[in-house]
Each structure stands twice: as C-alpha cells, then as structure tokens.
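This is upload.pdb (PDB, C-alpha atoms).
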ATOM      1  CA  MET S 295     -27.484 -27.376   0.468  1.00  0.00           C
ATOM      2  CA  GLU S 296     -30.508 -25.797   2.139  1.00  0.00           C
ATOM      3  CA  ASN S 297     -30.577 -22.035   1.844  1.00  0.00           C
ATOM      4  CA  HIS S 298     -30.819 -20.514   5.330  1.00  0.00           C
ATOM      5  CA  LYS S 299     -32.854 -17.320   5.346  1.00  0.00           C
ATOM      6  CA  GLU S 300     -31.132 -14.992   7.784  1.00  0.00           C
ATOM      7  CA  LYS S 301     -33.422 -13.185  10.198  1.00  0.00           C
ATOM      8  CA  ILE S 302     -33.008  -9.507  11.059  1.00  0.00           C
ATOM      9  CA  LEU S 303     -34.654  -7.654  13.939  1.00  0.00           C
ATOM     10  CA  VAL S 304     -35.259  -3.972  13.101  1.00  0.00           C
ATOM     11  CA  VAL S 305     -35.838  -1.793  16.170  1.00  0.00           C
ATOM     12  CA  ASP S 306     -36.969   1.820  15.627  1.00  0.00           C
ATOM     13  CA  ASP S 307     -39.732   3.939  17.121  1.00  0.00           C
ATOM     14  CA  GLU S 308     -40.459   5.539  13.728  1.00  0.00           C
ATOM     15  CA  ALA S 309     -43.055   3.424  11.905  1.00  0.00           C
ATOM     16  CA  SER S 310     -41.969   4.761   8.503  1.00  0.00           C
ATOM     17  CA  ILE S 311     -38.385   3.553   9.018  1.00  0.00           C
ATOM     18  CA  ARG S 312     -39.587   0.131  10.183  1.00  0.00           C
ATOM     19  CA  ARG S 313     -41.816  -0.205   7.106  1.00  0.00           C
ATOM     20  CA  ILE S 314     -39.109   0.892   4.668  1.00  0.00           C
ATOM     21  CA  LEU S 315     -36.480  -1.418   6.136  1.00  0.00           C
ATOM     22  CA  GLU S 316     -38.864  -4.349   6.472  1.00  0.00           C
ATOM     23  CA  THR S 317     -39.854  -3.994   2.807  1.00  0.00           C
ATOM     24  CA  ARG S 318     -36.352  -3.510   1.441  1.00  0.00           C
ATOM     25  CA  LEU S 319     -34.660  -6.183   3.536  1.00  0.00           C
ATOM     26  CA  SER S 320     -37.417  -8.690   2.757  1.00  0.00           C
ATOM     27  CA  MET S 321     -37.012  -7.969  -0.959  1.00  0.00           C
ATOM     28  CA  ILE S 322     -33.323  -8.886  -0.856  1.00  0.00           C
ATOM     29  CA  GLY S 323     -33.952 -12.171   0.925  1.00  0.00           C
ATOM     30  CA  TYR S 324     -33.954 -11.580   4.675  1.00  0.00           C
ATOM     31  CA  ASP S 325     -36.635 -12.643   7.130  1.00  0.00           C
ATOM     32  CA  VAL S 326     -37.511  -9.447   9.031  1.00  0.00           C
ATOM     33  CA  VAL S 327     -39.146  -8.889  12.416  1.00  0.00           C
ATOM     34  CA  THR S 328     -39.640  -5.451  13.978  1.00  0.00           C
ATOM     35  CA  ALA S 329     -40.035  -3.726  17.334  1.00  0.00           C
ATOM     36  CA  ALA S 330     -41.093  -0.166  18.163  1.00  0.00           C
ATOM     37  CA  ASP S 331     -39.383   0.366  21.527  1.00  0.00           C
ATOM     38  CA  GLY S 332     -36.651  -1.064  23.698  1.00  0.00           C
ATOM     39  CA  GLU S 333     -38.824  -3.322  25.847  1.00  0.00           C
ATOM     40  CA  GLU S 334     -40.547  -4.800  22.795  1.00  0.00           C
ATOM     41  CA  ALA S 335     -37.112  -5.266  21.216  1.00  0.00           C
ATOM     42  CA  LEU S 336     -35.921  -7.518  24.051  1.00  0.00           C
ATOM     43  CA  GLU S 337     -39.119  -9.572  24.002  1.00  0.00           C
ATOM     44  CA  THR S 338     -39.032  -9.950  20.215  1.00  0.00           C
ATOM     45  CA  PHE S 339     -35.343 -10.852  20.291  1.00  0.00           C
ATOM     46  CA  ARG S 340     -35.914 -13.673  22.770  1.00  0.00           C
ATOM     47  CA  ASN S 341     -38.842 -15.038  20.776  1.00  0.00           C
ATOM     48  CA  ALA S 342     -37.417 -14.647  17.261  1.00  0.00           C
ATOM     49  CA  ASN S 343     -33.706 -15.424  17.830  1.00  0.00           C
ATOM     50  CA  PRO S 344     -32.502 -13.182  14.953  1.00  0.00           C
ATOM     51  CA  ASP S 345     -29.116 -13.395  13.201  1.00  0.00           C
ATOM     52  CA  LEU S 346     -28.573  -9.603  13.401  1.00  0.00           C
ATOM     53  CA  VAL S 347     -30.157  -6.602  15.132  1.00  0.00           C
ATOM     54  CA  VAL S 348     -30.550  -3.133  13.600  1.00  0.00           C
ATOM     55  CA  LEU S 349     -31.023  -0.941  16.659  1.00  0.00           C
ATOM     56  CA  ASP S 350     -32.056   2.710  16.899  1.00  0.00           C
ATOM     57  CA  VAL S 351     -30.532   4.694  19.766  1.00  0.00           C
ATOM     58  CA  MET S 352     -33.277   7.174  20.662  1.00  0.00           C
ATOM     59  CA  MET S 353     -36.371   5.192  21.686  1.00  0.00           C
ATOM     60  CA  PRO S 354     -39.032   5.284  24.409  1.00  0.00           C
ATOM     61  CA  LYS S 355     -39.158   2.973  27.455  1.00  0.00           C
ATOM     62  CA  LEU S 356     -35.591   1.715  26.971  1.00  0.00           C
ATOM     63  CA  ASP S 357     -33.106   3.362  24.628  1.00  0.00           C
ATOM     64  CA  GLY S 358     -30.794   1.573  22.230  1.00  0.00           C
ATOM     65  CA  TYR S 359     -27.879   1.720  24.646  1.00  0.00           C
ATOM     66  CA  GLY S 360     -29.943  -0.070  27.298  1.00  0.00           C
ATOM     67  CA  VAL S 361     -31.097  -2.683  24.784  1.00  0.00           C
ATOM     68  CA  CYS S 362     -27.537  -3.251  23.580  1.00  0.00           C
ATOM     69  CA  GLN S 363     -26.344  -3.681  27.163  1.00  0.00           C
ATOM     70  CA  GLU S 364     -29.083  -6.225  27.910  1.00  0.00           C
ATOM     71  CA  LEU S 365     -28.478  -8.167  24.693  1.00  0.00           C
ATOM     72  CA  ARG S 366     -24.773  -8.458  25.423  1.00  0.00           C
ATOM     73  CA  LYS S 367     -25.537 -10.129  28.756  1.00  0.00           C
ATOM     74  CA  GLU S 368     -27.111 -13.056  26.912  1.00  0.00           C
ATOM     75  CA  SER S 369     -26.002 -13.037  23.276  1.00  0.00           C
ATOM     76  CA  ASP S 370     -23.160 -12.327  20.858  1.00  0.00           C
ATOM     77  CA  VAL S 371     -25.595 -11.467  18.042  1.00  0.00           C
ATOM     78  CA  PRO S 372     -24.264  -8.800  15.648  1.00  0.00           C
ATOM     79  CA  ILE S 373     -25.697  -5.339  16.397  1.00  0.00           C
ATOM     80  CA  ILE S 374     -25.703  -2.325  14.071  1.00  0.00           C
ATOM     81  CA  MET S 375     -26.731   0.904  15.790  1.00  0.00           C
ATOM     82  CA  LEU S 376     -28.743   3.622  14.045  1.00  0.00           C
ATOM     83  CA  THR S 377     -27.897   7.011  15.479  1.00  0.00           C
ATOM     84  CA  ALA S 378     -28.989  10.546  14.700  1.00  0.00           C
ATOM     85  CA  LEU S 379     -26.747  11.950  17.389  1.00  0.00           C
ATOM     86  CA  GLY S 380     -24.256  14.534  16.178  1.00  0.00           C
ATOM     87  CA  ASP S 381     -21.569  13.887  18.778  1.00  0.00           C
ATOM     88  CA  VAL S 382     -19.146  11.159  17.682  1.00  0.00           C
ATOM     89  CA  ALA S 383     -18.585  10.305  21.354  1.00  0.00           C
ATOM     90  CA  ASP S 384     -22.242   9.243  21.580  1.00  0.00           C
ATOM     91  CA  ARG S 385     -21.774   6.874  18.650  1.00  0.00           C
ATOM     92  CA  ILE S 386     -18.693   5.408  20.298  1.00  0.00           C
ATOM     93  CA  THR S 387     -20.775   4.712  23.421  1.00  0.00           C
ATOM     94  CA  GLY S 388     -22.751   2.118  21.470  1.00  0.00           C
ATOM     95  CA  LEU S 389     -19.533   0.404  20.391  1.00  0.00           C
ATOM     96  CA  GLU S 390     -18.248   0.382  23.960  1.00  0.00           C
ATOM     97  CA  LEU S 391     -21.456  -1.348  25.049  1.00  0.00           C
ATOM     98  CA  GLY S 392     -20.914  -4.091  22.465  1.00  0.00           C
ATOM     99  CA  ALA S 393     -22.327  -2.912  19.129  1.00  0.00           C
ATOM    100  CA  ASP S 394     -20.424  -4.112  16.055  1.00  0.00           C
ATOM    101  CA  ASP S 395     -20.977  -1.117  13.787  1.00  0.00           C
ATOM    102  CA  TYR S 396     -23.125   1.985  13.393  1.00  0.00           C
ATOM    103  CA  VAL S 397     -24.890   3.918  10.656  1.00  0.00           C
ATOM    104  CA  VAL S 398     -25.703   7.618  11.069  1.00  0.00           C
ATOM    105  CA  LYS S 399     -29.196   8.973  10.390  1.00  0.00           C
ATOM    106  CA  PRO S 400     -30.337  10.117   7.919  1.00  0.00           C
ATOM    107  CA  PHE S 401     -28.943   7.096   6.103  1.00  0.00           C
ATOM    108  CA  SER S 402     -29.285   5.514   2.701  1.00  0.00           C
ATOM    109  CA  PRO S 403     -31.046   2.136   2.921  1.00  0.00           C
ATOM    110  CA  LYS S 404     -28.434   0.847   0.461  1.00  0.00           C
ATOM    111  CA  GLU S 405     -25.682   1.841   2.906  1.00  0.00           C
ATOM    112  CA  LEU S 406     -27.379  -0.044   5.732  1.00  0.00           C
ATOM    113  CA  GLU S 407     -27.904  -3.073   3.485  1.00  0.00           C
ATOM    114  CA  ALA S 408     -24.177  -3.028   2.668  1.00  0.00           C
ATOM    115  CA  ARG S 409     -23.276  -2.839   6.362  1.00  0.00           C
ATOM    116  CA  ILE S 410     -25.622  -5.739   7.166  1.00  0.00           C
ATOM    117  CA  ARG S 411     -24.078  -7.919   4.436  1.00  0.00           C
ATOM    118  CA  SER S 412     -20.584  -7.013   5.561  1.00  0.00           C
ATOM    119  CA  VAL S 413     -21.158  -7.706   9.258  1.00  0.00           C
ATOM    120  CA  LEU S 414     -22.953 -11.002   8.602  1.00  0.00           C
ATOM    121  CA  ARG S 415     -20.189 -12.095   6.240  1.00  0.00           C
ATOM    122  CA  ARG S 416     -17.452 -11.278   8.715  1.00  0.00           C
ATOM    123  CA  VAL S 417     -18.995 -12.983  11.701  1.00  0.00           C
ATOM    124  CA  GLU S 418     -18.742 -16.223   9.759  1.00  0.00           C
ATOM    125  CA  LYS S 419     -15.502 -18.179   9.684  1.00  0.00           C
ATOM    126  CA  VAL S 420     -12.872 -16.818   7.322  1.00  0.00           C
ATOM    127  CA  GLY S 421      -9.569 -18.464   6.505  1.00  0.00           C
ATOM    128  CA  THR S 422      -6.398 -16.770   7.729  1.00  0.00           C
ATOM    129  CA  SER S 423      -2.983 -17.764   6.444  1.00  0.00           C
ATOM    130  CA  GLY S 424      -1.138 -17.805   9.766  1.00  0.00           C
ATOM    131  CA  ILE S 425      -3.591 -20.119  11.546  1.00  0.00           C
ATOM    132  CA  PRO S 426      -2.272 -23.686  12.052  1.00  0.00           C
ATOM    133  CA  SER S 427      -4.071 -26.555  10.320  1.00  0.00           C
ATOM    134  CA  SER S 428      -5.594 -27.642  13.637  1.00  0.00           C
ATOM    135  CA  GLY S 429      -7.279 -24.260  13.895  1.00  0.00           C
ATOM    136  CA  VAL S 430      -6.209 -23.992  17.541  1.00  0.00           C
ATOM    137  CA  ILE S 431      -3.681 -21.469  18.849  1.00  0.00           C
ATOM    138  CA  HIS S 432      -2.172 -21.432  22.348  1.00  0.00           C
ATOM    139  CA  ILE S 433      -0.541 -18.284  23.673  1.00  0.00           C
ATOM    140  CA  ASN S 434       0.226 -18.043  27.398  1.00  0.00           C
ATOM    141  CA  ASN S 435      -3.028 -19.131  29.106  1.00  0.00           C
ATOM    142  CA  ILE S 436      -5.173 -18.212  26.096  1.00  0.00           C
ATOM    143  CA  ARG S 437      -6.586 -20.846  23.734  1.00  0.00           C
ATOM    144  CA  ILE S 438      -8.132 -19.662  20.466  1.00  0.00           C
ATOM    145  CA  ASP S 439     -10.184 -22.176  18.483  1.00  0.00           C
ATOM    146  CA  THR S 440     -10.775 -20.681  15.040  1.00  0.00           C
ATOM    147  CA  ASN S 441     -12.948 -23.613  13.926  1.00  0.00           C
ATOM    148  CA  LYS S 442     -15.477 -23.177  16.738  1.00  0.00           C
ATOM    149  CA  ARG S 443     -14.768 -19.425  16.963  1.00  0.00           C
ATOM    150  CA  GLN S 444     -14.256 -19.735  20.707  1.00  0.00           C
ATOM    151  CA  VAL S 445     -11.671 -18.331  23.097  1.00  0.00           C
ATOM    152  CA  TYR S 446     -10.669 -19.674  26.502  1.00  0.00           C
ATOM    153  CA  LYS S 447      -8.604 -18.027  29.206  1.00  0.00           C
ATOM    154  CA  GLY S 448      -7.462 -20.906  31.364  1.00  0.00           C
ATOM    155  CA  ASP S 449     -10.581 -23.062  31.748  1.00  0.00           C
ATOM    156  CA  GLU S 450     -12.985 -20.141  31.369  1.00  0.00           C
ATOM    157  CA  ARG S 451     -14.650 -19.436  28.056  1.00  0.00           C
ATOM    158  CA  ILE S 452     -14.403 -15.762  27.102  1.00  0.00           C
ATOM    159  CA  ARG S 453     -17.431 -14.535  25.169  1.00  0.00           C
ATOM    160  CA  LEU S 454     -16.531 -12.510  22.103  1.00  0.00           C
ATOM    161  CA  THR S 455     -18.872 -10.966  19.569  1.00  0.00           C
ATOM    162  CA  GLY S 456     -18.462 -12.103  15.981  1.00  0.00           C
ATOM    163  CA  MET S 457     -16.619  -8.928  15.017  1.00  0.00           C
ATOM    164  CA  GLU S 458     -14.352  -9.136  18.072  1.00  0.00           C
ATOM    165  CA  PHE S 459     -13.412 -12.677  17.088  1.00  0.00           C
ATOM    166  CA  SER S 460     -12.814 -11.689  13.466  1.00  0.00           C
ATOM    167  CA  LEU S 461     -10.527  -8.881  14.636  1.00  0.00           C
ATOM    168  CA  LEU S 462      -8.628 -11.228  16.953  1.00  0.00           C
ATOM    169  CA  GLU S 463      -8.344 -13.842  14.187  1.00  0.00           C
ATOM    170  CA  LEU S 464      -6.895 -11.250  11.810  1.00  0.00           C
ATOM    171  CA  LEU S 465      -4.266 -10.091  14.302  1.00  0.00           C
ATOM    172  CA  VAL S 466      -3.340 -13.594  15.462  1.00  0.00           C
ATOM    173  CA  GLY S 467      -3.202 -14.982  11.923  1.00  0.00           C
ATOM    174  CA  ARG S 468      -0.457 -12.489  11.094  1.00  0.00           C
ATOM    175  CA  SER S 469       1.059 -12.153  14.557  1.00  0.00           C
ATOM    176  CA  GLY S 470       3.977  -9.780  14.880  1.00  0.00           C
ATOM    177  CA  GLU S 471       2.773  -7.793  11.862  1.00  0.00           C
ATOM    178  CA  PRO S 472       1.391  -4.312  12.534  1.00  0.00           C
ATOM    179  CA  PHE S 473      -1.917  -3.263  11.003  1.00  0.00           C
ATOM    180  CA  SER S 474      -3.070   0.299  10.496  1.00  0.00           C
ATOM    181  CA  ARG S 475      -6.566   1.200  11.650  1.00  0.00           C
ATOM    182  CA  SER S 476      -7.581   1.674   8.007  1.00  0.00           C
ATOM    183  CA  GLU S 477      -6.330  -1.810   7.107  1.00  0.00           C
ATOM    184  CA  ILE S 478      -8.275  -3.315  10.008  1.00  0.00           C
ATOM    185  CA  LEU S 479     -11.443  -1.462   8.972  1.00  0.00           C
ATOM    186  CA  GLN S 480     -11.029  -2.826   5.458  1.00  0.00           C
ATOM    187  CA  GLU S 481     -10.199  -6.407   6.473  1.00  0.00           C
ATOM    188  CA  VAL S 482     -12.708  -6.861   9.315  1.00  0.00           C
ATOM    189  CA  TRP S 483     -15.508  -4.373   8.671  1.00  0.00           C
ATOM    190  CA  GLY S 484     -15.273  -4.272   4.896  1.00  0.00           C
ATOM    191  CA  TYR S 485     -14.909  -0.507   4.674  1.00  0.00           C
ATOM    192  CA  THR S 486     -13.172   0.426   1.426  1.00  0.00           C
ATOM    193  CA  PRO S 487     -10.222   2.872   1.702  1.00  0.00           C
ATOM    194  CA  GLU S 488     -12.152   5.728   0.092  1.00  0.00           C
ATOM    195  CA  ARG S 489     -14.938   5.525   2.677  1.00  0.00           C
ATOM    196  CA  HIS S 490     -14.501   7.979   5.509  1.00  0.00           C
ATOM    197  CA  VAL S 491     -15.317   6.332   8.838  1.00  0.00           C
ATOM    198  CA  ASP S 492     -14.200   7.105  12.363  1.00  0.00           C
ATOM    199  CA  THR S 493     -11.205   4.863  13.063  1.00  0.00           C
ATOM    200  CA  ARG S 494     -12.158   4.821  16.741  1.00  0.00           C
ATOM    201  CA  VAL S 495     -14.402   1.906  15.773  1.00  0.00           C
ATOM    202  CA  VAL S 496     -11.146  -0.071  15.776  1.00  0.00           C
ATOM    203  CA  ASP S 497      -9.829   1.493  18.987  1.00  0.00           C
ATOM    204  CA  VAL S 498     -12.999   0.608  20.885  1.00  0.00           C
ATOM    205  CA  HIS S 499     -12.948  -3.009  19.682  1.00  0.00           C
ATOM    206  CA  ILE S 500      -9.262  -3.331  20.593  1.00  0.00           C
ATOM    207  CA  SER S 501     -10.062  -1.942  24.039  1.00  0.00           C
ATOM    208  CA  ARG S 502     -12.878  -4.465  24.446  1.00  0.00           C
ATOM    209  CA  LEU S 503     -10.608  -7.345  23.393  1.00  0.00           C
ATOM    210  CA  ARG S 504      -7.905  -6.251  25.809  1.00  0.00           C
ATOM    211  CA  ALA S 505     -10.415  -6.010  28.660  1.00  0.00           C
ATOM    212  CA  LYS S 506     -11.462  -9.613  28.004  1.00  0.00           C
ATOM    213  CA  LEU S 507      -8.087 -11.216  27.259  1.00  0.00           C
ATOM    214  CA  GLU S 508      -5.285  -9.298  28.968  1.00  0.00           C
ATOM    215  CA  ASP S 509      -4.316  -9.849  32.608  1.00  0.00           C
ATOM    216  CA  ASP S 510      -3.705  -6.103  32.857  1.00  0.00           C
ATOM    217  CA  PRO S 511      -5.529  -4.278  30.035  1.00  0.00           C
ATOM    218  CA  SER S 512      -3.731  -1.023  30.860  1.00  0.00           C
ATOM    219  CA  ASN S 513      -0.403  -2.769  30.234  1.00  0.00           C
ATOM    220  CA  PRO S 514      -1.204  -5.202  27.399  1.00  0.00           C
ATOM    221  CA  GLU S 515       1.117  -8.063  26.552  1.00  0.00           C
ATOM    222  CA  LEU S 516      -0.906  -9.749  23.802  1.00  0.00           C
ATOM    223  CA  ILE S 517      -2.495  -7.004  21.696  1.00  0.00           C
ATOM    224  CA  LEU S 518       0.146  -4.331  21.333  1.00  0.00           C
ATOM    225  CA  THR S 519       0.041  -0.785  20.042  1.00  0.00           C
ATOM    226  CA  ALA S 520       2.295  -0.181  17.035  1.00  0.00           C
ATOM    227  CA  ARG S 521       3.391   3.407  17.490  1.00  0.00           C
ATOM    228  CA  GLY S 522       2.435   5.535  14.531  1.00  0.00           C
ATOM    229  CA  THR S 523       0.773   2.575  12.798  1.00  0.00           C
ATOM    230  CA  GLY S 524      -2.010   0.818  14.637  1.00  0.00           C
ATOM    231  CA  TYR S 525      -2.017  -2.554  16.390  1.00  0.00           C
ATOM    232  CA  LEU S 526      -0.381  -5.978  16.309  1.00  0.00           C
ATOM    233  CA  PHE S 527      -0.583  -9.261  18.194  1.00  0.00           C
ATOM    234  CA  GLN S 528       2.636 -10.361  19.879  1.00  0.00           C
ATOM    235  CA  ARG S 529       4.719 -12.651  17.704  1.00  0.00           C
ATOM    236  CA  ILE S 530       3.640 -16.294  18.057  1.00  0.00           C
ATOM    237  CA  VAL S 531       6.335 -18.880  17.424  1.00  0.00           C
ATOM    238  CA  PRO S 532       4.752 -22.344  17.113  1.00  0.00           C
ATOM    239  CA  PRO S 533       6.828 -24.909  19.054  1.00  0.00           C
ATOM    240  CA  GLY S 534       8.655 -27.320  16.804  1.00  0.00           C
ATOM    241  CA  GLU S 535       7.599 -25.510  13.633  1.00  0.00           C
ATOM    242  CA  THR S 536       9.895 -23.669  11.262  1.00  0.00           C
ATOM    243  CA  GLU S 537       7.300 -22.565   8.696  1.00  0.00           C
TER     244      GLU S 537
END
Entire entry expressed as structure tokens:
Amino acid sequence: MENHKEKILVVDDEASIRRILETRLSMIGYDVVTAADGEEALETFRNANPDLVVLDVMMPKLDGYGVCQELRKESDVPIIMLTALGDVADRITGLELGADDYVVKPFSPKELEARIRSVLRRVEKVGTSGIPSSGVIHINNIRIDTNKRQVYKGDERIRLTGMEFSLLELLVGRSGEPFSRSEILQEVWGYTPERHVDTRVVDVHISRLRAKLEDDPSNPELILTARGTGYLFQRIVPPGETE
C-alpha cells in the first residue's frame, strides 16, 4: 500500500516558530508548508490542500480567528490553534469558530506533535460497537453514514468537521449511555486522564453539533445532557432488531 505523506500547514508570524515546526514535523514524516500571516495562510491553504492546519491566533493582516472562520466556510480540515492568550474564554472562541483543538504557548513541540497525531488519527474512520453492519443510522430525519463519514438532515448534507463526526459517532455508537466530559476527551481527543485540559472543549463541540443537527438547539432531543455526568445520545432502537 502506498504510504501517503500527510501535509501540514503551519501558520505563525514568528519565523523561529515556523522554522522549528517545519524542521521537526518534516523529520517525523510530514510534508510541511508555512505561512506568515492570515492572508498568506488562506492562499497557501487553497494551493497546497493540507491535511491539517496549525494556526496561530495573534497575527497581522488577518488573525487566526478570521482565518479559522474563512476555512470553515470551505473546508472541514482539522485545525489546531496556537494561543498565547491567558483568558480561557479566548481559547474557547477558536473552538466555537470551528477549531478542533488548541495548544497554549509557550508549548513543547512534542506536545504539539502528539496533538497532531491524535487529531489526524481521530478524523479517520474508527469502528464503534453500536453501529449497524450497514454503517448507516436513521434517527428521526437524520441519516448518519459512518462509512462515508457524512450526515444528512432530510435531503440536506450537514457539514461536520472530523472531530465533530468522531464525537457524534461515539455518542451514537453507544446511544442511551451517558459519557462524562473526561471520557469524551479521552475517547475522541486522545487526552489521557492525568492530563489537565479544559473540559469546555467538549461543551463547545456538543453545542456546535446541536446547532447543526437539532431542530431546536436550546431544547435538544438528540444529544442530551446527562445531569451530573456529561452527555448522551437518545436511545436508538433499531427496528426489527433485538441485539
């Protein structure tokens, strides 16, 4: 089987960070392209078609939030934000705009490499025990195709990022079973229990899923809150099946 070399776009206005990340990521087998500001990032993205974007927040011309917003209008590519901002609310802003994860500056290159591997691994298809053999699940007017990693609401395709789909697949695959935020972080993002990370990463992704899938996101019927625990997908009972 041909070995596909995954391409990563590194966007940062600090030349030293671009050089370090380009060197390190190339050494571990990635094809790396770089950009020094937000406008260059969009142009490079459209030309290079990367598999993942590492995106700094504070940049000239167009900041990382603006780049993230523009990318999400045209692509579901995984995005990891680099932020030096001290306020957690500012980090959450990136997630609300469609980023998949974030790493706080100053960061260890090894930590970023681990996050890149984890996000790329989890945007690929993973098997889930509760998914039928056909790979297709129908619930109300929602159709989830786990083979193609696509979701339809009625006849309209709903665009999900890779991490959003992985989260949905986890919840649907074990519908009716509540998950804690820590369990979701471990299963979807690959954060080990001893790692301290803001669990609002999960809350923001749940909110984004509800906004895309629920008829009334403020009164969800599909993705439910498990009081004192976390979240669960409403129990799915396959017609004609007893398993």
Box dimensions and centre (Å, one decimal) enclosing segment 349-365 of chain S, axis-aligned, 8 Å extra per side, as lines of an AutoDock Vina configuration file:
center_x = -32.8
center_y = -0.5
center_z = 22.3
size_x = 28.8
size_y = 31.3
size_z = 27.3
Taking (6.2, -10.5, 20.2) in the file's own coordinates, collect the residues within 9 Å, counting all atoms listed in the file, and hand them back as JSON, numbers by chain. {"S": [469, 470, 515, 516, 518, 526, 527, 528, 529, 530, 531]}
Which residue out of S:Leu507, S:Val326, S:Ile410, S:Leu464 has the minimum interatomic distance to Phe339 of chain S when all atoms listed in the file are used?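 So, comparing all the options, the nearest one is S:Val326.
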Select, from S:Pro403, S:Pro472, S:Pro354, S:Gly392, the residue with the minimum atom-to-atom distance to Met457 of chain S, counting only C-alpha atoms.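 Between S:Pro403, S:Pro472, S:Pro354, S:Gly392, the residue approaching Met457 of chain S most closely is S:Gly392.
You can rank S:Ser412, S:Asn343, S:Thr387, S:Thr317 by their closest distance to Arg494 of chain S using all atoms listed in the file, and at the top of that list sits S:Thr387.
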Excluding Leu406 of chain S and residues on its chain fewer than 4 positions from it, collect all residues at most 10 Å away from it, counting all atoms listed in the file, and give them as JSON, numbers by chain. {"S": [315, 319, 348, 374, 376, 396, 397, 398, 401, 402, 410, 411, 412]}
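Proximity to Ser460 of chain S was assessed for S:Ala505, S:Met353, S:Leu346, S:Val413 counting only C-alpha atoms; the smallest distance is recorded for S:Val413.
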